[in-house]
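This report concerns only the one structure given below.
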Amino acid sequence: MSFGVVMICHTALDRVAQVARFWAAGGVPVAIHLDAAVPDVAFDALRRSLADVDAVGFTRRYRCAWGTWSLVAAAQAGAEMILSRAPHVGHVYLTSGACLPLRPVADLADYLAACPDTDFIESATTADTEWTIGGLDIERFTLRFPFGWKTQRRLFDAYVDLQRRLGFRRRIPSGITPHLGSQWWCLSRKTLSAILTDPDRGRYDRYFRRVWIPDESYFQTLARRHSDRIESRSLTLARFDALGKPYVFYDDHQKVLRRSGFFVARKIWPGAEGLYRGFLSPDLERSRAEPDPMPLERLFRAATERRLRGRPGLYMQSRLPRRDREQGKTAAPYSVFQGFGELFEDFGGWLAQQIPADVHGHLFAPGRAEFAGGQRGFRGGLSDSAGLRDYDPRAFLTSLIWNSRGTRQCFLFGPRDAQEINWFIATDPQAQISVISGAWVVPLFRAGGDFAAIRQEATRLHRIETRHLEILRSVHTQARLRIWTLADFLDDPATPLQAIVDEISPRRQQPLTTLPRMVDLTGFGGFLQKLRNQGLQPRLIGNFPIGHEAMLRGPVQPAARNT
């Protein structure tokens with residue numbers, strides 16, 4: 001057989017024994033290093049469970065700590081055992097106790113036999129790649145690291161900071177250029193023997209004892225010194241997330257692992273019974289496929305993107321967004337109508353007949369959220385309670401849109417509503433906002449009553465809408481806007497309504513045959529003049545002269561369309 005396996009193990013010893021038997025059954029010599037931190041009782045039990053397997057041996061034990069020299073020492077001990085006990089071995093494959101073979105032993109044996117002088121080890125300089133994730137690059141080779149990063153974090157950080165302040169730099173030994181890469185390598189006998197018997201090994205070992213995470217640089221660096229042919233890749237599937245932590249594979253990843261073409265995968269959940277049963281089966285089909293990381297890379301990139309940015313418009317407890325850094329404010333397009341409910345009778349009922357949509361009333365009305373059809377609750381468990389809605393208006397709106405994907409959401413808005421949401425919708429590319437400015441004055445006109453109170457309310461609403469229009473016209477606005485003054489809209493209401501419906505439902509491809517019924521505006525011009533006489537200048541309404549309302553009497557005709 002052309003290769004041997006070194007297993008560096010810490011936990012899940014039942015799985016270690018299971019995988020070791022699989023390798024040995026294929027004629028592969030196995031050297032197991034068990035962390036010295038594991039109790040002797042567990043170690044003795046593992047040895048007894050494999051006592052009948054002659055191909056399995058146990059190396060000298062080191063107490064292993066992440067990022068320290070102990071992991072290199074464990075790999076050296078395992079490699080020396082394989083090379084000394086199995087002179088026929090052409091390659092040594094380094095694995096962990098959490099690794100799982102994905103293909104028959106014969107597949108890997110044939111693959112390595114076809115390239116006897118090739119070393120499969122990821123190996124790149126810090127200048128050539130951004131291989132590390134959130135850690136040190138060249139400094140791991142020029143500073144000293146006597147403290148464990150996980151177990152002595154304060155001492156680790158303080159000592160690194162002290163060395164930086166003092167300008168301390170270690171000298172890199174002559175004859176080597178530091179390289180980095182995955183610790184899961186497969187080296188040829190020639191290269192591995194040269195590394196372990198190098199006359200300068202003592203000097204290199206002393207240097208790497210104080211390098212940070214030397215298991216990702218020791219063999220990767222020295223292989224460059226001794227190898228004739230390096231393929232800078234690993235035959236083991238091992239991927240890391242955005243925080244540098246390894247992905248863990250479970251039973252539902254079985255199809256993905258089979259398609260990968262890799263010979264070994266790490267890191268496998270010890271409870272993944274389906275994976276261990278399926279891949280350690282003696283009936284596993286052989287394949288000549290080349291390990292292909294690209295399909296998996298796409299999946300991992302998508303997973304990383306999903307974790308870091310989330311899905312458009314979805315806010316979840318594990319990824320609270322920062323304002324203006326969201327992955328999409330909302331999940332689907334929606335429409336906001338300002339002034340239409342004031343100008344037309346039952347505008348929502350008419351619009352619902354024209355387009356497939358949920359047409360709500362004033363969702364941000366002071367008293368309650370006016371859901372479509374007068375419902376007291378809506379999809380996603382949303383309540384019409386104004387108190388619950390106003391606790392987090394943005395969450396209210398995004399939940400409404402997210403839970404209604406597939407159905408367009410439309411709602412009314414105006415200066416009488418809660419205004420906290422206005423910046424959010426103005427900067428949302430999914431929003432389509434149609435505004436008839438000054439239409440808020442129509443209900444005041446129709447209500448009648450004490451004119452001093454009407455003037456005071458008109459002043460308040462005018463101020464609110466002015467501020468809202470400033471937001472909508474801001475350079476930060478990303479919503480699609482249509483803004484008419486009330487006077488301009490009343491000159492030709494059919495054309496804007498047709499344009500709005502066409503934009504919401506572009507496949508409709510037919511002219512409007514009916515339009516919403518406009519409220520009676522008889523005397524409206526005189527009402528506006530009275531407001532002006534009282535000192536209010538309702539500029540948002542536009543140029544609406546006295547008597548203009550007479551032109552609006554009678555049914556509004558649909559706009560003609562060019563065919």
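Within each chain, counting starts at residue 1; across the structure tokens, chains are named A, B, ... in the order shown, with ligands numbered 1 upward in that order.
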Mind checking DSSP for range 38-281 of chain A and telling me the strand (DSSP E) residues as a list of chain:residue names?
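Going through range 38-281 of chain A, the strand (DSSP E) residues come out as A:Val56, A:Gly57, A:Phe58, A:His91, A:Val92, A:Tyr93, A:Leu94, A:Thr95, A:Ser96, A:Leu100, A:Pro101, A:Asp119, A:Phe120, A:Cys186, A:Leu187, A:Ser188, A:Ile230, A:Glu231, A:Thr236, A:Leu237, A:Val264, A:Ala265.
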Got a sec: who's within 10 Å of Val6 in chain A, counting only C-alpha atoms, leaving out chain neighbours fewer than 2 positions off, as a compact mmCIF listing (two decimals) with N, CA, C and O atoms, in the first residue's frame?
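Just written: result05.txt:
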# COMPACT_ATOMS: atom_id res chain seq x y z
N GLY A 4 0.52 5.86 4.47
CA GLY A 4 0.17 5.62 5.85
C GLY A 4 -0.56 6.83 6.40
O GLY A 4 -0.52 7.92 5.82
N ILE A 8 -4.27 12.59 14.72
CA ILE A 8 -4.08 13.39 15.94
C ILE A 8 -5.45 13.54 16.59
O ILE A 8 -6.34 14.18 16.03
N CYS A 9 -5.61 12.94 17.78
CA CYS A 9 -6.94 12.78 18.35
C CYS A 9 -7.03 13.40 19.74
O CYS A 9 -6.06 13.43 20.49
N ALA A 20 -9.95 4.28 12.44
CA ALA A 20 -8.68 3.55 12.38
C ALA A 20 -8.87 2.15 11.81
O ALA A 20 -8.04 1.66 11.03
N PRO A 29 -1.17 1.44 7.25
CA PRO A 29 -0.64 1.56 8.62
C PRO A 29 -1.10 2.87 9.25
O PRO A 29 -1.12 3.92 8.58
N VAL A 30 -1.46 2.82 10.53
CA VAL A 30 -2.03 3.98 11.21
C VAL A 30 -1.24 4.25 12.48
O VAL A 30 -0.96 3.33 13.26
N ALA A 31 -0.85 5.52 12.69
CA ALA A 31 -0.21 5.96 13.94
C ALA A 31 -1.15 6.94 14.62
O ALA A 31 -1.51 7.97 14.04
N ILE A 32 -1.57 6.60 15.83
CA ILE A 32 -2.52 7.43 16.57
C ILE A 32 -1.80 8.19 17.66
O ILE A 32 -1.09 7.60 18.49
N HIS A 33 -1.96 9.50 17.65
CA HIS A 33 -1.49 10.32 18.77
C HIS A 33 -2.71 10.77 19.56
O HIS A 33 -3.62 11.41 19.01
N VAL A 56 -2.28 -0.75 13.55
CA VAL A 56 -2.47 0.47 14.33
C VAL A 56 -1.45 0.54 15.45
O VAL A 56 -1.25 -0.43 16.20
N GLY A 57 -0.76 1.69 15.57
CA GLY A 57 0.19 1.91 16.64
C GLY A 57 -0.10 3.23 17.35
O GLY A 57 -0.81 4.10 16.81
N PHE A 58 0.44 3.40 18.55
CA PHE A 58 0.22 4.60 19.34
C PHE A 58 1.56 5.29 19.60
O PHE A 58 2.53 4.64 20.00
N THR A 59 1.58 6.59 19.40
CA THR A 59 2.82 7.35 19.53
C THR A 59 2.97 7.88 20.95
O THR A 59 2.07 7.79 21.79
N ALA A 74 3.31 16.32 17.90
CA ALA A 74 2.46 15.14 17.73
C ALA A 74 2.53 14.63 16.29
O ALA A 74 2.61 13.41 16.06
N ALA A 75 2.51 15.55 15.32
CA ALA A 75 2.60 15.14 13.92
C ALA A 75 3.97 14.54 13.61
O ALA A 75 4.08 13.55 12.87
N GLN A 76 5.03 15.10 14.16
CA GLN A 76 6.37 14.54 13.97
C GLN A 76 6.45 13.12 14.52
O GLN A 76 6.98 12.22 13.86
N ALA A 77 5.90 12.92 15.72
CA ALA A 77 5.96 11.59 16.33
C ALA A 77 5.21 10.57 15.48
O ALA A 77 5.68 9.44 15.28
N GLY A 78 4.05 10.95 14.97
CA GLY A 78 3.28 10.03 14.14
C GLY A 78 3.98 9.73 12.83
O GLY A 78 4.01 8.58 12.38
N ALA A 79 4.55 10.77 12.20
CA ALA A 79 5.25 10.55 10.94
C ALA A 79 6.47 9.66 11.12
O ALA A 79 6.74 8.78 10.29
N GLU A 80 7.23 9.88 12.18
CA GLU A 80 8.40 9.04 12.43
C GLU A 80 8.02 7.58 12.65
O GLU A 80 8.71 6.66 12.20
N MET A 81 6.89 7.35 13.33
CA MET A 81 6.44 5.97 13.54
C MET A 81 6.09 5.30 12.22
O MET A 81 6.48 4.16 11.96
N ILE A 82 5.35 6.01 11.36
CA ILE A 82 4.96 5.41 10.07
C ILE A 82 6.19 5.12 9.22
O ILE A 82 6.34 4.02 8.65
N VAL A 92 2.67 9.93 3.53
CA VAL A 92 2.07 9.96 4.86
C VAL A 92 0.99 11.02 4.86
O VAL A 92 1.24 12.18 4.46
N TYR A 93 -0.20 10.64 5.31
CA TYR A 93 -1.37 11.49 5.28
C TYR A 93 -1.71 11.89 6.71
O TYR A 93 -2.01 11.04 7.54
N LEU A 94 -1.68 13.18 7.02
CA LEU A 94 -2.00 13.66 8.36
C LEU A 94 -3.49 13.97 8.47
O LEU A 94 -4.04 14.73 7.67
N THR A 95 -4.15 13.37 9.47
CA THR A 95 -5.57 13.60 9.70
C THR A 95 -5.79 13.86 11.20
O THR A 95 -4.86 13.80 12.00
N SER A 96 -7.03 14.12 11.54
CA SER A 96 -7.40 14.30 12.94
C SER A 96 -8.44 13.26 13.33
O SER A 96 -8.98 12.55 12.47
N GLY A 97 -8.74 13.19 14.62
CA GLY A 97 -9.77 12.27 15.08
C GLY A 97 -11.16 12.67 14.63
O GLY A 97 -12.09 11.87 14.70
N CYS A 186 -0.49 15.84 2.96
CA CYS A 186 -0.10 14.49 2.55
C CYS A 186 1.25 14.63 1.86
O CYS A 186 1.34 15.08 0.71
Considering only C-alpha atoms, can you say which of A:Pro415, A:Pro104, A:Pro429, A:Pro443 comes closest to Leu461 in chain A?
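Between A:Pro415, A:Pro104, A:Pro429, A:Pro443, the residue approaching Leu461 in chain A most closely is A:Pro415.
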Which residues are near Arg368 in chain A? Cut-off 7 Å, only C-alpha atoms, ignore same chain within fewer than 2 positions. Put them as a PyMOL selection string.
chain A and resi 365-366+370+384-386
Could those selected residues go to a file with N, CA and C atoms, as a PDB file, in the first residue's frame?
ATOM      1  N   ALA A 365     -51.515  54.992  11.654  1.00  0.00           N
ATOM      2  CA  ALA A 365     -52.489  55.905  12.244  1.00  0.00           C
ATOM      3  C   ALA A 365     -52.308  55.952  13.762  1.00  0.00           C
ATOM      4  N   PRO A 366     -52.656  57.063  14.404  1.00  0.00           N
ATOM      5  CA  PRO A 366     -52.427  57.182  15.852  1.00  0.00           C
ATOM      6  C   PRO A 366     -53.156  56.137  16.678  1.00  0.00           C
ATOM      7  N   GLU A 370     -54.292  50.126  10.581  1.00  0.00           N
ATOM      8  CA  GLU A 370     -55.498  49.810   9.813  1.00  0.00           C
ATOM      9  C   GLU A 370     -55.183  48.772   8.741  1.00  0.00           C
ATOM     10  N   ASP A 384     -52.707  44.948  15.560  1.00  0.00           N
ATOM     11  CA  ASP A 384     -53.030  46.316  15.155  1.00  0.00           C
ATOM     12  C   ASP A 384     -52.786  47.319  16.272  1.00  0.00           C
ATOM     13  N   SER A 385     -52.209  46.872  17.384  1.00  0.00           N
ATOM     14  CA  SER A 385     -51.939  47.751  18.516  1.00  0.00           C
ATOM     15  C   SER A 385     -50.947  48.845  18.131  1.00  0.00           C
ATOM     16  N   ALA A 386     -51.341  50.089  18.351  1.00  0.00           N
ATOM     17  CA  ALA A 386     -50.439  51.202  18.055  1.00  0.00           C
ATOM     18  C   ALA A 386     -49.225  51.187  18.980  1.00  0.00           C
TER      19      ALA A 386
END
When distances are computed from only C-alpha atoms, which of A:Ala223, A:Ile436, A:Leu83, A:Leu512 shows the smallest separation from Phe340 in chain A?
A:Ile436
Closest of A:Pro295, A:Gly349, A:Pro538, A:Pro312 to Ala331 in chain A - atom-to-atom distances counting only C-alpha atoms:
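With only C-alpha atoms as the atom set, the closest residue is A:Pro312.
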One decimal, Å: what's the distance from CA of Ala265 in chain A over to CA of Leu102 in chain A, could you say?
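We find that CA of Ala265 in chain A and CA of Leu102 in chain A lie 6.7 Å from each other.
Nearest residue to Ala289 in chain A, choosing from A:Arg15, A:Arg307, A:Arg259, A:His253 and counting only C-alpha atoms: A:Arg259.
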Of the candidates A:Leu444, A:Ala487, A:Leu472, A:Phe263, which shows the shortest atom-to-atom distance to Phe527 in chain A, using only C-alpha atoms?
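Nearest to Phe527 in chain A: A:Leu444.
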DSSP helix (DSSP H, G or I) selection over range 273-305 of chain A, as a PyMOL selection string
chain A and resi 273-279+294-305
